[in-house]
file structure-v8.cif (mmCIF, N, CA and C atoms and all ligand atoms)
data_input
#
loop_
_atom_site.label_atom_id
_atom_site.label_comp_id
_atom_site.auth_asym_id
_atom_site.auth_seq_id
_atom_site.Cartn_x
_atom_site.Cartn_y
_atom_site.Cartn_z
N MET Y 1 -8.08 99.84 104.44
CA MET Y 1 -8.12 98.46 103.92
C MET Y 1 -6.72 97.84 104.03
N PRO Y 2 -6.66 96.57 104.56
CA PRO Y 2 -5.33 95.95 104.70
C PRO Y 2 -4.68 95.70 103.35
N SER Y 3 -3.35 95.82 103.31
CA SER Y 3 -2.63 95.53 102.08
C SER Y 3 -2.68 94.03 101.82
N ILE Y 4 -2.40 93.66 100.58
CA ILE Y 4 -2.38 92.22 100.24
C ILE Y 4 -1.36 91.49 101.10
N PHE Y 5 -0.29 92.18 101.49
CA PHE Y 5 0.71 91.51 102.33
C PHE Y 5 0.20 91.37 103.77
N SER Y 6 -0.61 92.32 104.24
CA SER Y 6 -1.21 92.15 105.57
C SER Y 6 -2.17 90.97 105.56
N LYS Y 7 -2.84 90.76 104.42
CA LYS Y 7 -3.75 89.60 104.31
C LYS Y 7 -2.95 88.30 104.30
N ILE Y 8 -1.73 88.34 103.76
CA ILE Y 8 -0.85 87.16 103.82
C ILE Y 8 -0.44 86.92 105.28
N ILE Y 9 -0.09 87.99 105.99
CA ILE Y 9 0.32 87.85 107.40
C ILE Y 9 -0.83 87.25 108.23
N SER Y 10 -2.04 87.71 107.97
CA SER Y 10 -3.19 87.22 108.76
C SER Y 10 -3.64 85.83 108.32
N GLY Y 11 -3.13 85.36 107.18
CA GLY Y 11 -3.52 84.02 106.71
C GLY Y 11 -4.75 84.04 105.81
N ASP Y 12 -5.27 85.24 105.52
CA ASP Y 12 -6.44 85.33 104.64
C ASP Y 12 -6.09 85.02 103.19
N ILE Y 13 -4.81 85.25 102.85
CA ILE Y 13 -4.31 84.92 101.51
C ILE Y 13 -3.11 84.00 101.72
N PRO Y 14 -3.04 82.90 100.96
CA PRO Y 14 -1.93 81.96 101.17
C PRO Y 14 -0.61 82.48 100.59
N CYS Y 15 0.47 81.93 101.08
CA CYS Y 15 1.77 82.26 100.50
C CYS Y 15 2.67 81.04 100.65
N TYR Y 16 3.79 81.08 99.95
CA TYR Y 16 4.80 80.03 100.11
C TYR Y 16 5.83 80.58 101.09
N LYS Y 17 5.58 80.31 102.37
CA LYS Y 17 6.38 80.90 103.44
C LYS Y 17 7.76 80.27 103.53
N VAL Y 18 8.78 81.10 103.66
CA VAL Y 18 10.14 80.55 103.83
C VAL Y 18 10.69 80.83 105.23
N ALA Y 19 10.21 81.86 105.89
CA ALA Y 19 10.71 82.15 107.24
C ALA Y 19 9.75 83.13 107.92
N GLU Y 20 9.72 83.04 109.24
CA GLU Y 20 8.84 83.94 109.99
C GLU Y 20 9.33 84.07 111.43
N ASP Y 21 9.20 85.25 111.98
CA ASP Y 21 9.31 85.40 113.44
C ASP Y 21 8.19 86.35 113.88
N GLU Y 22 8.29 86.89 115.06
CA GLU Y 22 7.18 87.71 115.56
C GLU Y 22 6.97 88.99 114.74
N GLN Y 23 8.05 89.51 114.20
CA GLN Y 23 7.95 90.81 113.52
C GLN Y 23 8.07 90.78 112.01
N TYR Y 24 8.61 89.67 111.47
CA TYR Y 24 8.90 89.64 110.03
C TYR Y 24 8.41 88.35 109.39
N LEU Y 25 8.19 88.44 108.09
CA LEU Y 25 7.75 87.26 107.32
C LEU Y 25 8.45 87.29 105.97
N ALA Y 26 8.90 86.13 105.53
CA ALA Y 26 9.52 86.00 104.19
C ALA Y 26 8.77 84.93 103.42
N PHE Y 27 8.45 85.23 102.17
CA PHE Y 27 7.71 84.28 101.33
C PHE Y 27 8.14 84.47 99.88
N LEU Y 28 7.92 83.42 99.09
CA LEU Y 28 8.34 83.47 97.68
C LEU Y 28 7.50 84.47 96.90
N ASP Y 29 8.18 85.24 96.06
CA ASP Y 29 7.46 86.15 95.15
C ASP Y 29 6.68 85.28 94.15
N ILE Y 30 5.44 85.64 93.92
CA ILE Y 30 4.55 84.84 93.08
C ILE Y 30 4.81 85.08 91.59
N ASN Y 31 5.63 86.05 91.28
CA ASN Y 31 5.96 86.35 89.88
C ASN Y 31 7.47 86.57 89.82
N PRO Y 32 8.24 85.48 90.02
CA PRO Y 32 9.66 85.63 90.33
C PRO Y 32 10.58 85.98 89.17
N LEU Y 33 11.60 86.75 89.52
CA LEU Y 33 12.68 87.04 88.57
C LEU Y 33 13.52 85.79 88.36
N ALA Y 34 13.65 84.99 89.41
CA ALA Y 34 14.49 83.79 89.38
C ALA Y 34 13.98 82.83 90.45
N LYS Y 35 14.37 81.58 90.31
CA LYS Y 35 14.04 80.60 91.34
C LYS Y 35 14.63 81.07 92.67
N GLY Y 36 13.80 81.19 93.68
CA GLY Y 36 14.29 81.64 94.99
C GLY Y 36 13.98 83.09 95.30
N HIS Y 37 13.43 83.83 94.32
CA HIS Y 37 13.06 85.24 94.53
C HIS Y 37 12.08 85.32 95.71
N THR Y 38 12.50 86.02 96.73
CA THR Y 38 11.76 86.04 98.00
C THR Y 38 11.48 87.48 98.42
N LEU Y 39 10.36 87.70 99.07
CA LEU Y 39 10.02 89.01 99.63
C LEU Y 39 10.10 88.92 101.14
N VAL Y 40 10.69 89.91 101.76
CA VAL Y 40 10.77 89.96 103.22
C VAL Y 40 10.03 91.21 103.68
N ILE Y 41 9.08 91.01 104.58
CA ILE Y 41 8.23 92.13 105.00
C ILE Y 41 8.19 92.26 106.52
N PRO Y 42 7.99 93.48 107.00
CA PRO Y 42 7.69 93.63 108.42
C PRO Y 42 6.20 93.36 108.61
N LYS Y 43 5.81 92.86 109.77
CA LYS Y 43 4.39 92.60 109.99
C LYS Y 43 3.60 93.88 110.21
N VAL Y 44 4.27 94.90 110.67
CA VAL Y 44 3.60 96.19 110.79
C VAL Y 44 3.34 96.73 109.38
N GLU Y 45 2.12 97.27 109.19
CA GLU Y 45 1.78 97.73 107.84
C GLU Y 45 2.19 99.18 107.64
N VAL Y 46 3.32 99.34 106.97
CA VAL Y 46 3.82 100.67 106.59
C VAL Y 46 4.14 100.58 105.10
N ASP Y 47 3.70 101.53 104.34
CA ASP Y 47 3.88 101.49 102.88
C ASP Y 47 5.36 101.65 102.49
N TYR Y 48 5.92 102.79 102.86
CA TYR Y 48 7.25 103.16 102.34
C TYR Y 48 8.33 102.71 103.31
N ILE Y 49 9.29 101.96 102.82
CA ILE Y 49 10.30 101.35 103.71
C ILE Y 49 11.04 102.41 104.54
N PHE Y 50 11.23 103.60 103.99
CA PHE Y 50 11.97 104.62 104.73
C PHE Y 50 11.08 105.37 105.73
N ASP Y 51 9.82 104.95 105.82
CA ASP Y 51 8.95 105.46 106.89
C ASP Y 51 8.93 104.52 108.10
N LEU Y 52 9.58 103.36 107.99
CA LEU Y 52 9.63 102.45 109.13
C LEU Y 52 10.43 103.09 110.27
N ASP Y 53 10.07 102.75 111.50
CA ASP Y 53 10.90 103.22 112.61
C ASP Y 53 12.25 102.51 112.52
N ASP Y 54 13.27 103.11 113.12
CA ASP Y 54 14.65 102.61 112.94
C ASP Y 54 14.80 101.16 113.38
N LYS Y 55 14.15 100.79 114.47
CA LYS Y 55 14.31 99.44 115.00
C LYS Y 55 13.72 98.41 114.01
N THR Y 56 12.53 98.70 113.51
CA THR Y 56 11.89 97.78 112.56
C THR Y 56 12.69 97.73 111.25
N TYR Y 57 13.18 98.89 110.82
CA TYR Y 57 13.97 98.97 109.59
C TYR Y 57 15.26 98.13 109.71
N SER Y 58 15.99 98.32 110.80
CA SER Y 58 17.24 97.56 110.99
C SER Y 58 16.93 96.07 111.13
N GLY Y 59 15.86 95.77 111.85
CA GLY Y 59 15.49 94.37 112.04
C GLY Y 59 15.10 93.71 110.73
N LEU Y 60 14.46 94.48 109.85
CA LEU Y 60 14.06 93.94 108.55
C LEU Y 60 15.29 93.51 107.75
N PHE Y 61 16.33 94.35 107.79
CA PHE Y 61 17.55 94.00 107.06
C PHE Y 61 18.29 92.84 107.72
N ALA Y 62 18.27 92.80 109.06
CA ALA Y 62 18.94 91.69 109.76
C ALA Y 62 18.22 90.37 109.45
N PHE Y 63 16.88 90.43 109.42
CA PHE Y 63 16.11 89.23 109.10
C PHE Y 63 16.37 88.82 107.64
N SER Y 64 16.44 89.81 106.76
CA SER Y 64 16.70 89.54 105.33
C SER Y 64 18.06 88.87 105.13
N LYS Y 65 19.02 89.25 105.94
CA LYS Y 65 20.36 88.64 105.84
C LYS Y 65 20.27 87.14 106.12
N ARG Y 66 19.51 86.78 107.13
CA ARG Y 66 19.36 85.36 107.46
C ARG Y 66 18.61 84.63 106.34
N VAL Y 67 17.61 85.29 105.77
CA VAL Y 67 16.85 84.66 104.68
C VAL Y 67 17.75 84.50 103.45
N ALA Y 68 18.54 85.53 103.14
CA ALA Y 68 19.44 85.47 101.97
C ALA Y 68 20.43 84.32 102.13
N THR Y 69 20.94 84.15 103.33
CA THR Y 69 21.90 83.06 103.59
C THR Y 69 21.24 81.71 103.32
N ALA Y 70 19.98 81.59 103.71
CA ALA Y 70 19.26 80.34 103.48
C ALA Y 70 19.01 80.11 101.99
N ILE Y 71 18.60 81.17 101.28
CA ILE Y 71 18.34 81.02 99.83
C ILE Y 71 19.62 80.56 99.12
N GLU Y 72 20.73 81.18 99.51
CA GLU Y 72 22.02 80.88 98.87
C GLU Y 72 22.44 79.42 99.07
N LYS Y 73 22.02 78.85 100.17
CA LYS Y 73 22.35 77.44 100.43
C LYS Y 73 21.56 76.51 99.51
N VAL Y 74 20.43 76.99 99.02
CA VAL Y 74 19.52 76.13 98.25
C VAL Y 74 19.63 76.38 96.74
N VAL Y 75 19.79 77.63 96.36
CA VAL Y 75 19.80 77.99 94.94
C VAL Y 75 21.22 78.37 94.52
N PRO Y 76 21.85 77.60 93.62
CA PRO Y 76 23.19 77.96 93.18
C PRO Y 76 23.18 79.32 92.47
N CYS Y 77 24.07 80.22 92.89
CA CYS Y 77 24.12 81.56 92.30
C CYS Y 77 25.40 82.24 92.75
N GLU Y 78 25.70 83.35 92.08
CA GLU Y 78 26.89 84.13 92.43
C GLU Y 78 26.70 84.79 93.80
N ARG Y 79 25.53 85.39 93.99
CA ARG Y 79 25.15 86.00 95.26
C ARG Y 79 23.66 86.32 95.24
N ILE Y 80 23.18 86.84 96.37
CA ILE Y 80 21.77 87.22 96.42
C ILE Y 80 21.67 88.73 96.20
N GLY Y 81 20.92 89.10 95.18
CA GLY Y 81 20.69 90.52 94.91
C GLY Y 81 19.60 91.05 95.83
N VAL Y 82 19.71 92.33 96.16
CA VAL Y 82 18.76 92.98 97.07
C VAL Y 82 18.17 94.20 96.36
N ALA Y 83 16.86 94.33 96.42
CA ALA Y 83 16.23 95.50 95.81
C ALA Y 83 15.01 95.92 96.60
N VAL Y 84 14.75 97.21 96.56
CA VAL Y 84 13.51 97.74 97.13
C VAL Y 84 12.84 98.55 96.02
N ILE Y 85 11.62 98.15 95.67
CA ILE Y 85 10.89 98.89 94.63
C ILE Y 85 9.64 99.48 95.30
N GLY Y 86 8.65 98.65 95.55
CA GLY Y 86 7.48 99.11 96.31
C GLY Y 86 6.46 99.90 95.52
N LEU Y 87 6.51 99.81 94.20
CA LEU Y 87 5.56 100.57 93.40
C LEU Y 87 4.24 99.83 93.22
N GLU Y 88 4.26 98.52 93.45
CA GLU Y 88 3.05 97.71 93.21
C GLU Y 88 2.27 97.45 94.50
N VAL Y 89 2.96 97.07 95.52
CA VAL Y 89 2.27 96.72 96.79
C VAL Y 89 2.65 97.73 97.88
N PRO Y 90 1.64 98.43 98.44
CA PRO Y 90 1.93 99.48 99.44
C PRO Y 90 2.16 98.92 100.84
N HIS Y 91 3.12 98.03 100.94
CA HIS Y 91 3.51 97.45 102.23
C HIS Y 91 5.01 97.20 102.11
N ALA Y 92 5.79 97.84 102.95
CA ALA Y 92 7.26 97.78 102.81
C ALA Y 92 7.76 96.35 102.61
N HIS Y 93 8.67 96.15 101.68
CA HIS Y 93 9.25 94.83 101.44
C HIS Y 93 10.59 94.93 100.76
N ILE Y 94 11.41 93.91 101.03
CA ILE Y 94 12.72 93.79 100.40
C ILE Y 94 12.68 92.59 99.46
N HIS Y 95 13.13 92.81 98.23
CA HIS Y 95 13.27 91.69 97.29
C HIS Y 95 14.65 91.08 97.48
N LEU Y 96 14.70 89.76 97.60
CA LEU Y 96 15.96 89.01 97.60
C LEU Y 96 15.88 88.06 96.42
N SER Y 97 16.84 88.14 95.51
CA SER Y 97 16.75 87.24 94.35
C SER Y 97 18.14 86.78 93.93
N PRO Y 98 18.30 85.47 93.69
CA PRO Y 98 19.61 84.95 93.27
C PRO Y 98 20.05 85.58 91.96
N ILE Y 99 21.31 86.00 91.89
CA ILE Y 99 21.83 86.61 90.66
C ILE Y 99 23.18 86.02 90.29
N ASN Y 100 23.42 86.05 88.98
CA ASN Y 100 24.73 85.67 88.46
C ASN Y 100 25.33 86.81 87.65
N GLY Y 101 24.58 87.87 87.48
CA GLY Y 101 25.04 89.05 86.76
C GLY Y 101 24.03 90.15 86.95
N ILE Y 102 24.40 91.37 86.56
CA ILE Y 102 23.54 92.53 86.82
C ILE Y 102 22.19 92.42 86.10
N HIS Y 103 22.19 91.73 84.96
CA HIS Y 103 20.96 91.58 84.18
C HIS Y 103 19.89 90.80 84.95
N ASP Y 104 20.32 90.00 85.95
CA ASP Y 104 19.36 89.17 86.69
C ASP Y 104 18.49 89.98 87.65
N LEU Y 105 18.86 91.23 87.88
CA LEU Y 105 18.06 92.06 88.79
C LEU Y 105 17.29 93.15 88.02
N ASN Y 106 16.94 92.79 86.79
CA ASN Y 106 16.20 93.70 85.95
C ASN Y 106 14.70 93.41 86.10
N PHE Y 107 14.00 94.33 86.78
CA PHE Y 107 12.60 94.07 87.10
C PHE Y 107 11.66 94.24 85.90
N THR Y 108 12.21 94.64 84.76
CA THR Y 108 11.36 94.74 83.58
C THR Y 108 11.47 93.47 82.73
N LYS Y 109 12.33 92.55 83.16
CA LYS Y 109 12.50 91.36 82.31
C LYS Y 109 11.37 90.35 82.53
N GLN Y 110 11.28 89.43 81.59
CA GLN Y 110 10.28 88.35 81.65
C GLN Y 110 10.48 87.55 82.93
N ARG Y 111 9.39 87.33 83.68
CA ARG Y 111 9.48 86.54 84.91
C ARG Y 111 9.47 85.05 84.58
N ILE Y 112 9.97 84.25 85.50
CA ILE Y 112 9.97 82.81 85.25
C ILE Y 112 8.63 82.21 85.71
N VAL Y 113 8.36 81.02 85.21
CA VAL Y 113 7.11 80.35 85.58
C VAL Y 113 7.45 79.12 86.41
N MET Y 114 6.77 78.99 87.54
CA MET Y 114 6.95 77.80 88.38
C MET Y 114 5.58 77.25 88.72
N ASN Y 115 5.50 75.93 88.89
CA ASN Y 115 4.20 75.38 89.30
C ASN Y 115 4.11 75.30 90.83
N GLN Y 116 2.92 74.98 91.31
CA GLN Y 116 2.67 74.98 92.76
C GLN Y 116 3.61 74.06 93.52
N GLU Y 117 3.86 72.88 92.93
CA GLU Y 117 4.75 71.92 93.61
C GLU Y 117 6.16 72.47 93.72
N GLU Y 118 6.61 73.13 92.65
CA GLU Y 118 7.97 73.71 92.68
C GLU Y 118 8.07 74.80 93.74
N TYR Y 119 7.04 75.67 93.79
CA TYR Y 119 7.03 76.73 94.81
C TYR Y 119 7.06 76.11 96.21
N SER Y 120 6.20 75.13 96.39
CA SER Y 120 6.04 74.54 97.70
C SER Y 120 7.32 73.85 98.17
N SER Y 121 7.95 73.05 97.29
CA SER Y 121 9.15 72.33 97.74
C SER Y 121 10.32 73.30 97.91
N LEU Y 122 10.39 74.34 97.07
CA LEU Y 122 11.46 75.33 97.22
C LEU Y 122 11.32 76.08 98.55
N ALA Y 123 10.11 76.48 98.87
CA ALA Y 123 9.88 77.19 100.15
C ALA Y 123 10.29 76.31 101.33
N LYS Y 124 9.95 75.04 101.24
CA LYS Y 124 10.32 74.12 102.33
C LYS Y 124 11.84 73.97 102.45
N GLU Y 125 12.50 73.88 101.30
CA GLU Y 125 13.97 73.73 101.31
C GLU Y 125 14.64 74.96 101.92
N ILE Y 126 14.17 76.14 101.52
CA ILE Y 126 14.77 77.38 102.06
C ILE Y 126 14.48 77.47 103.56
N ASN Y 127 13.27 77.12 103.94
CA ASN Y 127 12.91 77.15 105.35
C ASN Y 127 13.80 76.20 106.18
N ALA Y 128 14.10 75.05 105.60
CA ALA Y 128 14.95 74.08 106.32
C ALA Y 128 16.37 74.61 106.48
N ALA Y 129 16.80 75.48 105.55
CA ALA Y 129 18.16 76.04 105.61
C ALA Y 129 18.22 77.32 106.44
N PHE Y 130 17.06 77.81 106.86
CA PHE Y 130 16.99 79.09 107.60
C PHE Y 130 17.39 78.88 109.05
N LEU Y 131 18.37 79.63 109.49
CA LEU Y 131 18.86 79.49 110.88
C LEU Y 131 18.50 80.72 111.70
P1 LIG R 201 6.90 96.09 94.12
O1 LIG R 201 5.80 96.63 95.02
O2 LIG R 201 7.04 96.89 92.86
O3 LIG R 201 8.20 95.91 94.85
O4 LIG R 201 6.44 94.64 93.62
C1 LIG R 201 5.66 93.81 94.42
C2 LIG R 201 6.08 92.37 94.24
O5 LIG R 201 5.16 91.58 95.00
C3 LIG R 201 6.07 91.83 92.80
O6 LIG R 201 7.33 91.24 92.50
C4 LIG R 201 4.93 90.80 92.82
O7 LIG R 201 5.20 89.69 91.99
C5 LIG R 201 4.87 90.41 94.27
N1 LIG R 201 3.56 89.94 94.73
C6 LIG R 201 2.37 90.57 94.57
N2 LIG R 201 1.38 89.87 95.15
C7 LIG R 201 1.96 88.77 95.69
C8 LIG R 201 1.48 87.64 96.42
N3 LIG R 201 0.17 87.50 96.72
N4 LIG R 201 2.36 86.69 96.81
C9 LIG R 201 3.67 86.82 96.52
N5 LIG R 201 4.20 87.86 95.84
C10 LIG R 201 3.35 88.82 95.42
#
call {"tool": "encode", "arguments": {"input": "structure-v8.cif", "output": "structure tokens"}}
result
Amino acid sequence: MPSIFSKIISGDIPCYKVAEDEQYLAFLDINPLAKGHTLVIPKVEVDYIFDLDDKTYSGLFAFSKRVATAIEKVVPCERIGVAVIGLEVPHAHIHLSPINGIHDLNFTKQRIVMNQEEYSSLAKEINAAFL
């Protein structure tokens, strides 16, 4: 059965897309730690990030760097935090989330609430800043 992220890649489930190329996709996390919290995934369906082949793994990080640069242009923050958890969705992904201190990358903390319009306009802004 395809993962929920594979269904996003195929378009069966919608997402707030911020960037895409042939091999990778970045979209806003639907339960964000902070405004701009983004997930970057390879299109190949592999559960554990360290099971990716080296080329896809390196490419995922290179793509994430470009996405992080775009997020940083849109969301004021100290820097973009990077995390890999993968306990909820069995499809490799990198979390990118704006941080101003270590407490901002605490995945047990209360998530923020955004409405559809906020998600949509934020995704468009980050996409416009993506080079
Ligand atoms: P983890 O697998 O523990 O790294 O967490 C998976 C992340 O995916 C969580 O932060 C969820 O909020 C996020 N997530 C789950 N389903 C969706 C979805 N349909 N669209 C965007 N983000 C999602």
call {"tool": "residues_near_ligand", "arguments": {"input": "structure-v8.cif", "ligand": "ligand LIG 201 (chain R)", "cutoff": "10 Å", "atoms": "only C-alpha atoms and all ligand atoms", "output": "PyMOL selection string"}}
result
chain Y and resi 3-5+7-8+13-17+26-33+37-39+47-48+83-95+107+111
call {"tool": "residues_around", "arguments": {"input": "structure-v8.cif", "residues": "range 63-72 of chain Y", "least_positions_apart": "3", "cutoff": "6 Å", "atoms": "only C-alpha atoms", "output": "PyMOL selection string"}}
result
chain Y and resi 59-60+75+126+129-130
call {"tool": "write_last_selection", "arguments": {"input": "structure-v8.cif", "atoms": "N, CA and C atoms", "output": "short mmCIF file (atom, residue, chain, number, x, y, z; two decimals), in the coordinates of the input"}}
result
data_model
loop_
_atom_site.label_atom_id
_atom_site.label_comp_id
_atom_site.auth_asym_id
_atom_site.auth_seq_id
_atom_site.Cartn_x
_atom_site.Cartn_y
_atom_site.Cartn_z
N GLY Y 59 15.86 95.77 111.85
CA GLY Y 59 15.49 94.37 112.04
C GLY Y 59 15.10 93.71 110.73
N LEU Y 60 14.46 94.48 109.85
CA LEU Y 60 14.06 93.94 108.55
C LEU Y 60 15.29 93.51 107.75
N VAL Y 75 19.79 77.63 96.36
CA VAL Y 75 19.80 77.99 94.94
C VAL Y 75 21.22 78.37 94.52
N ILE Y 126 14.17 76.14 101.52
CA ILE Y 126 14.77 77.38 102.06
C ILE Y 126 14.48 77.47 103.56
N ALA Y 129 16.80 75.48 105.55
CA ALA Y 129 18.16 76.04 105.61
C ALA Y 129 18.22 77.32 106.44
N PHE Y 130 17.06 77.81 106.86
CA PHE Y 130 16.99 79.09 107.60
C PHE Y 130 17.39 78.88 109.05
#
call {"tool": "atom_distance", "arguments": {"input": "structure-v8.cif", "atom1": "CA of Pro42 in chain Y", "atom2": "CA of Phe61 in chain Y"}}
result
10.0 Å
call {"tool": "select_by_dssp", "arguments": {"input": "structure-v8.cif", "residues": "chain Y", "states": "alpha helix (DSSP H)", "output": "PyMOL selection string"}}
result
chain Y and resi 4-10+54-74+116-129
call {"tool": "atom_distance", "arguments": {"input": "structure-v8.cif", "atom1": "CA of Met114 in chain Y", "atom2": "CA of Tyr24 in chain Y"}}
result
24.8 Å
call {"tool": "residues_around", "arguments": {"input": "structure-v8.cif", "residues": "Glu78 in chain Y", "least_positions_apart": "4", "cutoff": "12 Å", "atoms": "only C-alpha atoms", "output": "MDAnalysis selection string"}}
result
chainID Y and resid 71:73 97:102 104
call {"tool": "write_last_selection", "arguments": {"input": "structure-v8.cif", "atoms": "N, CA and C atoms", "output": "PDB file, in the coordinates of the input"}}
result
ATOM      1  N   ILE Y  71      18.600  81.170 101.280  1.00  0.00           N
ATOM      2  CA  ILE Y  71      18.340  81.020  99.830  1.00  0.00           C
ATOM      3  C   ILE Y  71      19.620  80.560  99.120  1.00  0.00           C
ATOM      4  N   GLU Y  72      20.730  81.180  99.510  1.00  0.00           N
ATOM      5  CA  GLU Y  72      22.020  80.880  98.870  1.00  0.00           C
ATOM      6  C   GLU Y  72      22.440  79.420  99.070  1.00  0.00           C
ATOM      7  N   LYS Y  73      22.020  78.850 100.170  1.00  0.00           N
ATOM      8  CA  LYS Y  73      22.350  77.440 100.430  1.00  0.00           C
ATOM      9  C   LYS Y  73      21.560  76.510  99.510  1.00  0.00           C
ATOM     10  N   SER Y  97      16.840  88.140  95.510  1.00  0.00           N
ATOM     11  CA  SER Y  97      16.750  87.240  94.350  1.00  0.00           C
ATOM     12  C   SER Y  97      18.140  86.780  93.930  1.00  0.00           C
ATOM     13  N   PRO Y  98      18.300  85.470  93.690  1.00  0.00           N
ATOM     14  CA  PRO Y  98      19.610  84.950  93.270  1.00  0.00           C
ATOM     15  C   PRO Y  98      20.050  85.580  91.960  1.00  0.00           C
ATOM     16  N   ILE Y  99      21.310  86.000  91.890  1.00  0.00           N
ATOM     17  CA  ILE Y  99      21.830  86.610  90.660  1.00  0.00           C
ATOM     18  C   ILE Y  99      23.180  86.020  90.290  1.00  0.00           C
ATOM     19  N   ASN Y 100      23.420  86.050  88.980  1.00  0.00           N
ATOM     20  CA  ASN Y 100      24.730  85.670  88.460  1.00  0.00           C
ATOM     21  C   ASN Y 100      25.330  86.810  87.650  1.00  0.00           C
ATOM     22  N   GLY Y 101      24.580  87.870  87.480  1.00  0.00           N
ATOM     23  CA  GLY Y 101      25.040  89.050  86.760  1.00  0.00           C
ATOM     24  C   GLY Y 101      24.030  90.150  86.950  1.00  0.00           C
ATOM     25  N   ILE Y 102      24.400  91.370  86.560  1.00  0.00           N
ATOM     26  CA  ILE Y 102      23.540  92.530  86.820  1.00  0.00           C
ATOM     27  C   ILE Y 102      22.190  92.420  86.100  1.00  0.00           C
ATOM     28  N   ASP Y 104      20.320  90.000  85.950  1.00  0.00           N
ATOM     29  CA  ASP Y 104      19.360  89.170  86.690  1.00  0.00           C
ATOM     30  C   ASP Y 104      18.490  89.980  87.650  1.00  0.00           C
TER      31      ASP Y 104
END
call {"tool": "residues_around", "arguments": {"input": "structure-v8.cif", "residues": "Leu25 in chain Y", "least_positions_apart": "2", "cutoff": "6.5 Å", "atoms": "only N, CA and C atoms", "output": "ChimeraX atom specification"}}
result
/Y:19-21,23,27,39-43
call {"tool": "atom_distance", "arguments": {"input": "structure-v8.cif", "atom1": "CA of Ser121 in chain Y", "atom2": "CA of Cys77 in chain Y"}}
result
18.4 Å
call {"tool": "axis_aligned_box", "arguments": {"input": "structure-v8.cif", "around": "range 105-110 of chain Y", "padding_each_side": "4 Å", "output": "AutoDock Vina command-line options"}}
result
--center_x 14.6 --center_y 91.1 --center_z 85.2 --size_x 16.6 --size_y 15.2 --size_z 15.2
call {"tool": "select_by_dssp", "arguments": {"input": "structure-v8.cif", "residues": "range 35-112 of chain Y", "states": "strand (DSSP E)", "output": "PyMOL selection string"}}
result
chain Y and resi 38-42+79-83+94-99
call {"tool": "closest_residue", "arguments": {"input": "structure-v8.cif", "among": "Y:Ser58, Y:Pro2, Y:Glu22, Y:Gly11", "to": "Val46 in chain Y", "atoms": "only C-alpha atoms"}}
result
Y:Pro2
call {"tool": "build_atoms", "arguments": {"input": "structure-v8.cif", "residues": "range 3-7 of chain Y", "atoms": "all heavy atoms", "output": "PDB file, in the coordinates of the input"}}
result
ATOM      1  N   SER Y   3      -3.350  95.820 103.310  1.00  0.00           N
ATOM      2  CA  SER Y   3      -2.630  95.530 102.080  1.00  0.00           C
ATOM      3  C   SER Y   3      -2.680  94.030 101.820  1.00  0.00           C
ATOM      4  O   SER Y   3      -2.961  93.237 102.721  1.00  0.00           O
ATOM      5  CB  SER Y   3      -1.165  95.977 102.217  1.00  0.00           C
ATOM      6  OG  SER Y   3      -0.467  95.073 103.062  1.00  0.00           O
ATOM      7  N   ILE Y   4      -2.400  93.660 100.580  1.00  0.00           N
ATOM      8  CA  ILE Y   4      -2.380  92.220 100.240  1.00  0.00           C
ATOM      9  C   ILE Y   4      -1.360  91.490 101.100  1.00  0.00           C
ATOM     10  O   ILE Y   4      -1.573  90.333 101.480  1.00  0.00           O
ATOM     11  CB  ILE Y   4      -2.124  92.018  98.721  1.00  0.00           C
ATOM     12  CG1 ILE Y   4      -2.348  90.562  98.335  1.00  0.00           C
ATOM     13  CG2 ILE Y   4      -0.749  92.457  98.298  1.00  0.00           C
ATOM     14  CD1 ILE Y   4      -2.556  90.326  96.869  1.00  0.00           C
ATOM     15  N   PHE Y   5      -0.290  92.180 101.490  1.00  0.00           N
ATOM     16  CA  PHE Y   5       0.710  91.510 102.330  1.00  0.00           C
ATOM     17  C   PHE Y   5       0.200  91.370 103.770  1.00  0.00           C
ATOM     18  O   PHE Y   5       0.518  90.392 104.445  1.00  0.00           O
ATOM     19  CB  PHE Y   5       2.045  92.257 102.280  1.00  0.00           C
ATOM     20  CG  PHE Y   5       2.765  92.119 100.951  1.00  0.00           C
ATOM     21  CD1 PHE Y   5       3.903  92.868 100.690  1.00  0.00           C
ATOM     22  CD2 PHE Y   5       2.324  91.248  99.969  1.00  0.00           C
ATOM     23  CE1 PHE Y   5       4.584  92.748  99.474  1.00  0.00           C
ATOM     24  CE2 PHE Y   5       2.986  91.117  98.749  1.00  0.00           C
ATOM     25  CZ  PHE Y   5       4.118  91.879  98.499  1.00  0.00           C
ATOM     26  N   SER Y   6      -0.610  92.320 104.240  1.00  0.00           N
ATOM     27  CA  SER Y   6      -1.210  92.150 105.570  1.00  0.00           C
ATOM     28  C   SER Y   6      -2.170  90.970 105.560  1.00  0.00           C
ATOM     29  O   SER Y   6      -2.308  90.253 106.549  1.00  0.00           O
ATOM     30  CB  SER Y   6      -1.937  93.423 105.999  1.00  0.00           C
ATOM     31  OG  SER Y   6      -0.995  94.404 106.368  1.00  0.00           O
ATOM     32  N   LYS Y   7      -2.840  90.760 104.420  1.00  0.00           N
ATOM     33  CA  LYS Y   7      -3.750  89.600 104.310  1.00  0.00           C
ATOM     34  C   LYS Y   7      -2.950  88.300 104.300  1.00  0.00           C
ATOM     35  O   LYS Y   7      -3.427  87.270 104.770  1.00  0.00           O
ATOM     36  CB  LYS Y   7      -4.601  89.716 103.045  1.00  0.00           C
ATOM     37  CG  LYS Y   7      -5.649  90.797 103.145  1.00  0.00           C
ATOM     38  CD  LYS Y   7      -6.544  90.802 101.930  1.00  0.00           C
ATOM     39  CE  LYS Y   7      -7.542  91.943 102.016  1.00  0.00           C
ATOM     40  NZ  LYS Y   7      -8.218  92.191 100.752  1.00  0.00           N
TER      41      LYS Y   7
END
